[in-house]
Amino acid sequence: SSEELSLQLSTVESEKVELAGSLLKKEEELAGLGEELERVQSSLASERESGVKTAEALQNQLNEKESREQALESQLVAARWSTLQGAVEEAERIVQDSLAQLDDPAHISCTSSADYLASRCQASLDCMDRLHSARDSYLADNTGVSELVRAVTHLAHLVGDTIVQGSATSHMVPVEQADALSDSVKACGAEALALLGQMKEQESLATADSATLRAALEGILATAEVSPVFMVIPV
């Protein structure tokens with residue numbers, strides 16, 4: 001029995017030593033895994049921190065880009081409006097110059113025909129339709145300012161020509177009719193300046209009313225087309 005117990009004890013001791021060795025090995029493996037886990041966690045934390053910094057940097061760059069774009073767009077809007085204002089002011093000068101010619105003694109000798117006056121009136125009326133369309137397009141999208149600038153300038157030239165030709169035509173008719181036509185073309189010039197004055201201000205551009213100018217042009221056109229006395233040949 002003593003030998004058996006001694007043998008069993010020896011076996012148990014051997015197993016104990018083997019288990020202790022196995023346990024130590026497992027503990028070393030666990031320690032290694034723990035260190036690896038710490039490295040992985042540290043790496044992930046570093047990558048997260050780097051990712052956050054990168055995201056913040058990209059967001060800052062995006063915000064700066066948007067700010068620059070907004071500032072540039074504001075500058076472009078201001079430049080487009082300034083261009084339109086310049087065109088309207090030039091149009092005012094054209095009409096004013098035409099009105100000033102009526103008081104020029106040299107203009108008294110100028111004559112014209114009702115046919116040509118009618119053509120200028122009709123061209124002016126057609127251009128007003130173009131002006132309205134260009135104005136609406138500009139209000140919807142101010143990148144279309146160039147078409148409105150061209151329409152404003154063209155209308156000023158046509159109205160100015162109508163004023164001058166109307167006055168020249170009045171030199172070839174009886175005084176009473178001449179005075180009426182002269183008053184009509186002056187009224188036309190005044191209405192054109194009133195319209196341009198409204199278009200020069202941002203607050204009134206959208207509501208600028210051309211009805212009175214259109215009525216003045218239509219009145220001159222009707223006079224040129226209907227009155228036989230006006231159907232004369234220019235000298």
# chains A, B, ... in the order shown; residues from 1 in each chain; ligands from 1
$ residues_around --residues "segment 68-78 of chain A" --least-positions-apart "4" --cutoff "8 Å" --atoms "only C-alpha atoms" --output "list in words"
Glu64, Ser82 and Asn142 of chain A
$ closest_atom_pairs --of "segment 67-108 of chain A" --to "segment 179-187 of chain A" --cutoff "10 Å" --atoms "only C-alpha atoms" --output "JSON lines"
{"residue": "A:Ser98", "atom": "CA", "partner": "A:Lys186", "partner_atom": "CA", "distance": 9.6}
{"residue": "A:Leu99", "atom": "CA", "partner": "A:Lys186", "partner_atom": "CA", "distance": 6.8}
{"residue": "A:Leu102", "atom": "CA", "partner": "A:Ser182", "partner_atom": "CA", "distance": 8.8}
$ write_last_selection --atoms "C-alpha atoms" --output "CSV table (one decimal), in the first residue's frame"
chain,number,residue,atom,x,y,z
A,98,SER,CA,-31.8,113.4,-78.3
A,99,LEU,CA,-34.1,115.8,-76.3
A,102,LEU,CA,-34.7,119.5,-80.3
$ closest_residue --among "A:Val95, A:Ala140, A:Glu225, A:Asp103" --to "Ile163 of chain A" --atoms "only C-alpha atoms"
A:Val95
$ closest_atom_pairs --of "segment 149-194 of chain A" --to "segment 121-130 of chain A" --cutoff "10 Å" --atoms "only C-alpha atoms" --output "Markdown table"
| residue | atom | partner | partner_atom | distance |
| --- | --- | --- | --- | --- |
| A:Arg150 | CA | A:Arg130 | CA | 9.8 |
| A:Ala151 | CA | A:Arg130 | CA | 6.5 |
| A:Val152 | CA | A:Cys127 | CA | 8.7 |
| A:His154 | CA | A:Cys127 | CA | 7.4 |
| A:Leu155 | CA | A:Cys127 | CA | 5.9 |
| A:Ala156 | CA | A:Ser124 | CA | 8.6 |
| A:His157 | CA | A:Ser124 | CA | 8.8 |
| A:Leu158 | CA | A:Ser124 | CA | 5.4 |
| A:Val159 | CA | A:Ser124 | CA | 6.0 |
| A:Gly160 | CA | A:Ser124 | CA | 9.5 |
| A:Asp161 | CA | A:Cys121 | CA | 8.9 |
| A:Thr162 | CA | A:Cys121 | CA | 6.1 |
| A:Ile163 | CA | A:Cys121 | CA | 9.3 |
| A:Gln165 | CA | A:Cys121 | CA | 9.7 |
| A:Gly166 | CA | A:Cys121 | CA | 9.3 |
$ closest_residue --among "A:Leu44, A:Ala134, A:Leu23, A:Val164" --to "Asp97 of chain A" --atoms "only C-alpha atoms"
A:Val164
$ atom_distance --atom1 "atom CA of Ser170 of chain A" --atom2 "atom CA of Thr153 of chain A"
25.8 Å
$ atom_distance --atom1 "atom CA of Ala208 of chain A" --atom2 "atom CA of Ala194 of chain A"
9.0 Å
$ atom_distance --atom1 "atom CA of His171 of chain A" --atom2 "atom CA of Thr111 of chain A"
6.2 Å
$ residues_around --residues "segment 213-216 of chain A" --least-positions-apart "6" --cutoff "6 Å" --atoms "only C-alpha atoms" --output "ChimeraX atom specification"
/A:188,191-192
$ closest_residue --among "A:Ile94, A:Glu29, A:Val52, A:Ala118" --to "Gly219 of chain A" --atoms "only C-alpha atoms"
A:Ala118
